[in-house]
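> Structure below; questions to follow.
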Amino acid sequence: MKLQQPWVYSDFSSGLIDSLSVGKGLLPQNSCTTAINVVFHKPKGSIAQRYGSTLLGTQIAASQTVYGLHDFRPSDSNNNKLLAAVNGSIYSSTGGAFTSRQSITGSLKTRFLTYLNTAVYMNGTDSSRSSTDGINWSSGGGNLDVGNFPKAKFATILNGRVLVGGDPSAPDTVNLSSVVSSNAVSWTSGNKTVQVSPNDGGGSLTGVTSNGRLALLFKERGLYRYDDTSLQRVGKVGTPSHESIVEDDNGIVYFFGQGANGVGFYKTMGGFPMKISRQITKVIDAISPSFYASVAGYTDGSLIEWPVGSITLDDVTYTNASVVYSVSDQVWSVFDRAQRFLVFSQYITSTSAVTTVGGDTSGNVQTINSGNTDNGTPIYGHVEMAPIVFTTRGREKSVQELYAYAETFNGLSAAFKVDGKLAILGSITDKTHTFDKIPLLKGREFVPVLTSVNSGEPFLFTGWEFPSDAVIDGGNVK
């Protein structure tokens, strides 16, 4: 018996939903169980290969980790600089080569803050210094009263004050400067100190962020809200990594790495956080606890990406994996980049293009989602889609012909897993590619598979079509 009508499979808008999150009986037909180096939002419902990354300027220091990045943009645009902390120095660049400007202790995460046309760096060990040009760094005075700047690891702005935290000698305390007066703040007059629920089991302060009027203060196992007057504990879901905290159009999202059932990614608008990563349970379980404190993130307005280190999924190891969340569609995928990134920053180029840059562990700063390779390394892709059963799971079917549709198809190949056994169809070489001389596809369950290795224009796959006369139902399996 043949199908009564063609079977069209052209909607993949649910993105990645892995096998530990949803069983086969509930798995949406428009989802994928494996999605490596692809996205589902350009356009929505299709499968597109991601873009790569390109070197900005020149390599700063071979085999060295970039521990901090900051786009310093004061009112005088002549002083715009991209700042990087690498190999025991603060470097600066205007888009070309990076130049060493200030010595610091090496191998420490280094954060920056710009306020009152002044940049300040902090790492919790060195005394902070400030700069108004990204070149010369001062140890005293200035708009940020840097000579009295508290020992800190991170900072934000709250109601005209600078708020800092992370002093190793006061791990549950935040310090606030005075309110701005005459274009300066003070750490000795009009300043204050706030203890954040000391010894409450939440651990040390690990990060801060603010919308200008309300600050969110993170511990390892706690989230707190502070409005410059009162402190309120929001919940026990904190973060081990300040760099994982990302602000998108709908709130604050971040990584939480504590608790057997609590590990994952969360979103908050100031209230109790909501877990958003339930679709990728297998991926979350694969993240090594040793990497929790190194999870970093960025958003380009469409996607949020968090590198999560080396993970193994279905016996395949992805060395530089990232989990990727579509903000508007609320779907997931996994990237595996050729380099490992631990810090990110927005960077506005000399032509006013708004980009994201990342610092890797090889002494490079790269523009993210730029170009068709990972700084020269081809991008591979692997996608496994939801199983197709055509009629019912218990009946045997055979497929004799099918069509693959792709707007672009560089390096793209197709295969099927039929009842778990791989049958390779071959390359997709046309926008409408007919597979009519194919291996025998006979079984109960058919899983479409796409693979690619590509240094050219990213592929864009739009779907499958199985002609009605090419799918034969062989009846119940006895």
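Here, A, B, ... name the chains of the structure tokens in the order displayed, residue numbers run from 1 inside each chain, and ligands are numbered from 1 in the same displayed order.
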Can I get the residues of region 206-316 of chain A within 12 Å of region 34-38 of chain A, each with the closest pair of atoms and their distance in Å to one decimal, using only C-alpha atoms, sorted chain first then ascending number, as a tab-separated table?


residue	atom	partner	partner_atom	distance
A:Gln279	CA	A:Thr34	CA	11.6
A:Ile280	CA	A:Thr34	CA	10.1
A:Lys282	CA	A:Thr34	CA	10.6
A:Val283	CA	A:Thr34	CA	10.2
A:Leu303	CA	A:Val38	CA	11.9
A:Glu305	CA	A:Asn37	CA	11.7
A:Leu313	CA	A:Thr34	CA	9.1
A:Asp314	CA	A:Thr34	CA	9.6
A:Val316	CA	A:Ile36	CA	11.2

> Hey, which bits of region 78-174 of chain A sit within 10 Å of region 236-259 of chain A, and for each residue what's the closest pair of atoms and how far apart in Å (one decimal), counting only C-alpha atoms, rows by chain and increasing number, as CSV?


residue,atom,partner,partner_atom,distance
A:Lys109,CA,A:Glu243,CA,9.6
A:Arg111,CA,A:Glu243,CA,9.3
A:Lys153,CA,A:His242,CA,9.3
A:Phe154,CA,A:His242,CA,7.9

> Within 6 Å of region 194-202 of chain A, counting only C-alpha atoms, which residues show up once you throw out same-chain ones fewer than 3 positions away? Write them as a VMD selection string, please.

chain A and resid 172 to 174 219 to 222

> Using DSSP on the backbone, list every residue of region 31-249 of chain A that comes out as strand (DSSP E), and give them as JSON, numbers by chain.

{"A": [31, 32, 33, 34, 35, 36, 38, 39, 40, 41, 44, 45, 46, 47, 48, 49, 53, 54, 55, 66, 67, 68, 69, 70, 71, 72, 81, 82, 83, 84, 85, 86, 89, 90, 91, 92, 93, 99, 100, 101, 102, 103, 111, 112, 113, 114, 115, 118, 119, 120, 121, 122, 130, 131, 154, 155, 156, 157, 158, 161, 162, 163, 164, 165, 173, 174, 175, 176, 192, 193, 194, 195, 205, 206, 207, 208, 209, 210, 215, 216, 217, 218, 219, 222, 223, 224, 225, 226, 231, 232, 233, 234, 235, 246, 247, 248]}

> Give the answer as one residue: which of A:Gly140, A:Gly463, A:Gly420, A:Gly456 has the shortest atom-to-atom distance to Lys442 (chain A), using only C-alpha atoms?

A:Gly420

> Quick one: residues within 12 Å of Pro378 (chain A), only C-alpha atoms, excluding same-chain residues fewer than 5 positions away - as an mmCIF file with N, CA and C atoms, in the first residue's frame?


data_model
loop_
_atom_site.group_PDB
_atom_site.id
_atom_site.type_symbol
_atom_site.label_atom_id
_atom_site.label_comp_id
_atom_site.auth_asym_id
_atom_site.auth_seq_id
_atom_site.Cartn_x
_atom_site.Cartn_y
_atom_site.Cartn_z
ATOM 1 N N ASN A 37 26.254 23.288 15.251
ATOM 2 C CA ASN A 37 26.696 24.386 14.381
ATOM 3 C C ASN A 37 25.635 24.831 13.388
ATOM 4 N N GLN A 49 23.394 26.846 8.592
ATOM 5 C CA GLN A 49 24.712 26.755 9.209
ATOM 6 C C GLN A 49 25.052 28.094 9.845
ATOM 7 N N ARG A 50 25.724 28.073 10.984
ATOM 8 C CA ARG A 50 26.152 29.313 11.628
ATOM 9 C C ARG A 50 27.288 29.959 10.847
ATOM 10 N N TYR A 51 27.542 31.229 11.161
ATOM 11 C CA TYR A 51 28.723 31.908 10.649
ATOM 12 C C TYR A 51 29.912 31.616 11.563
ATOM 13 N N GLY A 52 31.090 32.060 11.156
ATOM 14 C CA GLY A 52 32.309 31.746 11.873
ATOM 15 C C GLY A 52 32.821 32.903 12.708
ATOM 16 N N SER A 53 34.138 33.067 12.741
ATOM 17 C CA SER A 53 34.774 34.153 13.479
ATOM 18 C C SER A 53 36.029 34.570 12.733
ATOM 19 N N ASP A 336 30.047 24.165 18.091
ATOM 20 C CA ASP A 336 31.370 23.657 18.464
ATOM 21 C C ASP A 336 32.380 24.440 17.645
ATOM 22 N N ARG A 337 33.000 25.426 18.266
ATOM 23 C CA ARG A 337 33.915 26.313 17.567
ATOM 24 C C ARG A 337 35.327 25.744 17.560
ATOM 25 N N ALA A 338 36.138 26.223 16.636
ATOM 26 C CA ALA A 338 37.519 25.750 16.552
ATOM 27 C C ALA A 338 38.374 26.305 17.682
ATOM 28 N N GLN A 339 37.970 27.445 18.263
ATOM 29 C CA GLN A 339 38.693 28.042 19.373
ATOM 30 C C GLN A 339 37.766 28.145 20.586
ATOM 31 N N GLY A 371 32.247 35.960 8.879
ATOM 32 C CA GLY A 371 32.989 35.098 7.975
ATOM 33 C C GLY A 371 32.433 33.691 7.922
ATOM 34 N N ASN A 372 32.998 32.881 7.047
ATOM 35 C CA ASN A 372 32.500 31.532 6.780
ATOM 36 C C ASN A 372 33.365 30.430 7.361
ATOM 37 N N THR A 373 34.418 30.799 8.123
ATOM 38 C CA THR A 373 35.267 29.815 8.783
ATOM 39 C C THR A 373 35.520 30.270 10.220
ATOM 40 N N ASN A 410 26.407 24.321 0.126
ATOM 41 C CA ASN A 410 27.853 24.063 0.124
ATOM 42 C C ASN A 410 28.224 23.016 1.173
ATOM 43 N N GLY A 411 28.861 21.931 0.725
ATOM 44 C CA GLY A 411 29.356 20.893 1.622
ATOM 45 C C GLY A 411 28.292 20.043 2.274
ATOM 46 N N SER A 452 27.853 18.320 7.138
ATOM 47 C CA SER A 452 28.547 19.238 6.239
ATOM 48 C C SER A 452 29.932 19.543 6.768
ATOM 49 N N VAL A 453 30.830 19.854 5.858
ATOM 50 C CA VAL A 453 32.120 20.469 6.160
ATOM 51 C C VAL A 453 32.277 21.571 5.128
ATOM 52 N N ASN A 454 32.366 22.834 5.595
ATOM 53 C CA ASN A 454 32.165 23.931 4.672
ATOM 54 C C ASN A 454 33.014 25.131 5.036
ATOM 55 N N SER A 455 33.662 25.705 4.010
ATOM 56 C CA SER A 455 34.382 26.967 4.172
ATOM 57 C C SER A 455 33.763 28.062 3.320
ATOM 58 N N GLY A 456 32.636 27.759 2.686
ATOM 59 C CA GLY A 456 31.981 28.725 1.817
ATOM 60 C C GLY A 456 30.720 29.284 2.431
ATOM 61 N N GLU A 457 29.857 29.785 1.575
ATOM 62 C CA GLU A 457 28.605 30.356 2.050
ATOM 63 C C GLU A 457 27.838 29.327 2.874
ATOM 64 N N PRO A 458 27.344 29.701 4.056
ATOM 65 C CA PRO A 458 26.641 28.734 4.913
ATOM 66 C C PRO A 458 25.438 28.117 4.209
#

> With a distance cut-off of 12 Å and only C-alpha atoms, select the neighbouring residues of Gly25 (chain A), excluding the residue or stretch itself and same-chain residues fewer than 3 positions from it, and output the selection as an MDAnalysis selection string.

chainID A and resid 19 21:22 28:29 386:389 392:393

> Kindly give the distance, in Å, that separates CA of Phe98 (chain A) and CA of Ile60 (chain A), rounded to a single decimal.

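Between CA of Phe98 (chain A) and CA of Ile60 (chain A) the gap works out to 6.2 Å.
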
> In Å, how far is it from CA of Tyr67 (chain A) to CA of Leu223 (chain A)?

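Atom-to-atom, CA of Tyr67 (chain A) to CA of Leu223 (chain A), that is 24.9 Å.
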
> Write out as a PDB file with C-alpha atoms, in the first residue's frame which residues come within 10 Å of region 3-16 of chain A when counting only C-alpha atoms, dropping same-chain ones fewer than 5 positions away.


ATOM      1  CA  LEU A  27       8.880  14.669  20.618  1.00  0.00           C
ATOM      2  CA  PRO A  28       7.556  17.365  18.236  1.00  0.00           C
ATOM      3  CA  GLN A  29       7.913  16.484  14.559  1.00  0.00           C
ATOM      4  CA  ASN A  30       9.446  19.921  13.936  1.00  0.00           C
ATOM      5  CA  SER A  31      12.376  19.397  16.334  1.00  0.00           C
ATOM      6  CA  CYS A  32      15.878  17.946  16.066  1.00  0.00           C
ATOM      7  CA  THR A  33      17.569  15.627  18.551  1.00  0.00           C
ATOM      8  CA  THR A  34      21.061  16.696  17.455  1.00  0.00           C
ATOM      9  CA  ALA A  35      21.889  20.180  16.174  1.00  0.00           C
ATOM     10  CA  ILE A  36      25.588  21.051  15.896  1.00  0.00           C
ATOM     11  CA  VAL A  38      23.280  25.304  13.028  1.00  0.00           C
ATOM     12  CA  VAL A  39      20.559  27.829  13.848  1.00  0.00           C
ATOM     13  CA  PHE A  40      16.807  27.749  13.307  1.00  0.00           C
ATOM     14  CA  HIS A  41      15.879  31.441  13.077  1.00  0.00           C
ATOM     15  CA  PRO A  43      14.656  32.248   8.503  1.00  0.00           C
ATOM     16  CA  LYS A  44      12.454  30.719  11.182  1.00  0.00           C
ATOM     17  CA  GLY A  45      11.741  27.034  10.606  1.00  0.00           C
ATOM     18  CA  SER A  46      14.725  26.357   8.329  1.00  0.00           C
ATOM     19  CA  ILE A  47      18.113  24.892   9.262  1.00  0.00           C
ATOM     20  CA  GLN A 279      14.903  21.141  26.259  1.00  0.00           C
ATOM     21  CA  ILE A 280      18.645  20.408  26.485  1.00  0.00           C
ATOM     22  CA  VAL A 324      22.917  28.716  21.926  1.00  0.00           C
ATOM     23  CA  TYR A 325      19.484  30.164  22.725  1.00  0.00           C
ATOM     24  CA  SER A 326      17.233  32.016  20.297  1.00  0.00           C
ATOM     25  CA  ASP A 329      11.858  31.752  19.328  1.00  0.00           C
ATOM     26  CA  GLN A 330      13.078  30.281  22.638  1.00  0.00           C
ATOM     27  CA  VAL A 331      14.792  27.323  20.963  1.00  0.00           C
ATOM     28  CA  TRP A 332      18.265  25.835  21.357  1.00  0.00           C
ATOM     29  CA  SER A 333      21.191  24.501  19.378  1.00  0.00           C
ATOM     30  CA  VAL A 334      24.842  23.622  20.069  1.00  0.00           C
ATOM     31  CA  VAL A 383      21.823  17.478  12.426  1.00  0.00           C
ATOM     32  CA  GLU A 384      19.542  14.590  13.331  1.00  0.00           C
ATOM     33  CA  MET A 385      15.852  15.304  13.013  1.00  0.00           C
ATOM     34  CA  ALA A 386      12.817  13.903  14.759  1.00  0.00           C
ATOM     35  CA  ILE A 388       9.490   9.905  10.759  1.00  0.00           C
ATOM     36  CA  PHE A 390       4.807   7.887   8.044  1.00  0.00           C
ATOM     37  CA  THR A 391       1.938   5.692   9.306  1.00  0.00           C
ATOM     38  CA  LEU A 402      12.739  11.574  -2.004  1.00  0.00           C
ATOM     39  CA  TYR A 403      13.555  15.231  -2.571  1.00  0.00           C
ATOM     40  CA  ALA A 404      15.809  17.506  -0.488  1.00  0.00           C
ATOM     41  CA  TYR A 405      15.297  21.262  -0.636  1.00  0.00           C
ATOM     42  CA  PHE A 461      18.223  23.655   4.293  1.00  0.00           C
ATOM     43  CA  THR A 462      14.452  24.040   3.965  1.00  0.00           C
ATOM     44  CA  GLY A 463      12.991  20.531   4.000  1.00  0.00           C
ATOM     45  CA  TRP A 464      12.188  17.085   2.573  1.00  0.00           C
ATOM     46  CA  GLU A 465       9.442  15.751   0.366  1.00  0.00           C
ATOM     47  CA  PHE A 466       8.512  12.081   0.016  1.00  0.00           C
ATOM     48  CA  PRO A 467       6.321  11.426  -3.062  1.00  0.00           C
ATOM     49  CA  SER A 468       3.201   9.417  -2.289  1.00  0.00           C
ATOM     50  CA  ASP A 469       4.079   6.689  -4.797  1.00  0.00           C
ATOM     51  CA  ALA A 470       7.621   6.363  -3.420  1.00  0.00           C
ATOM     52  CA  VAL A 471       6.702   5.349   0.149  1.00  0.00           C
ATOM     53  CA  ILE A 472       5.255   1.859   0.438  1.00  0.00           C
ATOM     54  CA  ASP A 473       3.630   0.569   3.601  1.00  0.00           C
TER      55      ASP A 473
END

> Calculate how many Å separate CA of Thr99 (chain A) from CA of Val66 (chain A), rounding to one decimal.

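So the two atoms, CA of Thr99 (chain A) and CA of Val66 (chain A), lie 14.0 Å apart.
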
> Determine the nearest neighbour of Ala97 (chain A) from the options A:Ser302, A:Ser204, A:Thr58, A:Ser350, counting only C-alpha atoms.

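Looking only at the distances to Ala97 (chain A), the closest residue turns out to be A:Thr58.
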
> With a distance cut-off of 12 Å and only C-alpha atoms, select the neighbouring residues of Leu422 (chain A), excluding the residue or stretch itself and same-chain residues fewer than 4 positions from it, and output the selection as a VMD selection string.

chain A and resid 384 414 to 418 439 to 443 445 to 450

> Let's have the selection written as a PDB file, in the first residue's frame, with N, CA and C atoms.


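Saved as out_19.pdb:
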ATOM      1  N   GLU A 384      20.423  15.752  13.393  1.00  0.00           N
ATOM      2  CA  GLU A 384      19.542  14.590  13.331  1.00  0.00           C
ATOM      3  C   GLU A 384      18.146  15.058  13.717  1.00  0.00           C
ATOM      4  N   ALA A 414      23.374  14.240   2.798  1.00  0.00           N
ATOM      5  CA  ALA A 414      22.189  13.679   3.435  1.00  0.00           C
ATOM      6  C   ALA A 414      22.384  12.201   3.718  1.00  0.00           C
ATOM      7  N   ALA A 415      21.743  11.749   4.792  1.00  0.00           N
ATOM      8  CA  ALA A 415      21.738  10.338   5.158  1.00  0.00           C
ATOM      9  C   ALA A 415      20.466  10.075   5.959  1.00  0.00           C
ATOM     10  N   PHE A 416      20.195   8.797   6.209  1.00  0.00           N
ATOM     11  CA  PHE A 416      19.074   8.421   7.066  1.00  0.00           C
ATOM     12  C   PHE A 416      19.531   7.335   8.028  1.00  0.00           C
ATOM     13  N   LYS A 417      19.058   7.417   9.245  1.00  0.00           N
ATOM     14  CA  LYS A 417      19.159   6.302  10.163  1.00  0.00           C
ATOM     15  C   LYS A 417      17.831   5.561  10.111  1.00  0.00           C
ATOM     16  N   VAL A 418      17.880   4.327   9.642  1.00  0.00           N
ATOM     17  CA  VAL A 418      16.673   3.516   9.525  1.00  0.00           C
ATOM     18  C   VAL A 418      16.723   2.451  10.605  1.00  0.00           C
ATOM     19  N   PRO A 439      20.191   3.742  -1.402  1.00  0.00           N
ATOM     20  CA  PRO A 439      20.195   2.446  -0.707  1.00  0.00           C
ATOM     21  C   PRO A 439      18.783   2.087  -0.261  1.00  0.00           C
ATOM     22  N   LEU A 440      18.548   0.840  -0.050  1.00  0.00           N
ATOM     23  CA  LEU A 440      17.230   0.411   0.396  1.00  0.00           C
ATOM     24  C   LEU A 440      16.932   1.016   1.772  1.00  0.00           C
ATOM     25  N   LEU A 441      15.928   1.876   1.812  1.00  0.00           N
ATOM     26  CA  LEU A 441      15.475   2.465   3.066  1.00  0.00           C
ATOM     27  C   LEU A 441      14.209   1.724   3.466  1.00  0.00           C
ATOM     28  N   LYS A 442      14.389   0.733   4.335  1.00  0.00           N
ATOM     29  CA  LYS A 442      13.262  -0.109   4.709  1.00  0.00           C
ATOM     30  C   LYS A 442      13.295  -0.343   6.216  1.00  0.00           C
ATOM     31  N   GLY A 443      12.200   0.023   6.869  1.00  0.00           N
ATOM     32  CA  GLY A 443      12.139  -0.156   8.300  1.00  0.00           C
ATOM     33  C   GLY A 443      10.921   0.536   8.879  1.00  0.00           C
ATOM     34  N   GLU A 445      11.221   3.173  11.409  1.00  0.00           N
ATOM     35  CA  GLU A 445      11.490   4.537  11.863  1.00  0.00           C
ATOM     36  C   GLU A 445      12.640   5.117  11.050  1.00  0.00           C
ATOM     37  N   PHE A 446      12.449   6.321  10.533  1.00  0.00           N
ATOM     38  CA  PHE A 446      13.414   6.960   9.648  1.00  0.00           C
ATOM     39  C   PHE A 446      13.848   8.296  10.256  1.00  0.00           C
ATOM     40  N   VAL A 447      15.138   8.438  10.520  1.00  0.00           N
ATOM     41  CA  VAL A 447      15.672   9.679  11.088  1.00  0.00           C
ATOM     42  C   VAL A 447      16.522  10.377  10.026  1.00  0.00           C
ATOM     43  N   PRO A 448      16.083  11.516   9.501  1.00  0.00           N
ATOM     44  CA  PRO A 448      16.898  12.254   8.535  1.00  0.00           C
ATOM     45  C   PRO A 448      18.138  12.838   9.196  1.00  0.00           C
ATOM     46  N   VAL A 449      19.254  12.782   8.467  1.00  0.00           N
ATOM     47  CA  VAL A 449      20.533  13.266   8.978  1.00  0.00           C
ATOM     48  C   VAL A 449      21.158  14.192   7.936  1.00  0.00           C
ATOM     49  N   LEU A 450      21.644  15.348   8.387  1.00  0.00           N
ATOM     50  CA  LEU A 450      22.412  16.257   7.544  1.00  0.00           C
ATOM     51  C   LEU A 450      23.810  16.381   8.120  1.00  0.00           C
TER      52      LEU A 450
END

> Which of these residues is nearest to Asp71 (chain A), using only C-alpha atoms: A:Tyr226, A:Lys151, A:Thr193, A:Phe344?

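Of A:Tyr226, A:Lys151, A:Thr193, A:Phe344, the one nearest Asp71 (chain A), counting only C-alpha atoms, is A:Phe344.
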
> Choose the residue, out of A:Gly106, A:Gly394, A:Gly309, A:Gly358, that has the smallest atom-to-atom separation from Phe335 (chain A); count only C-alpha atoms.

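Looking only at the distances to Phe335 (chain A), the closest residue turns out to be A:Gly309.
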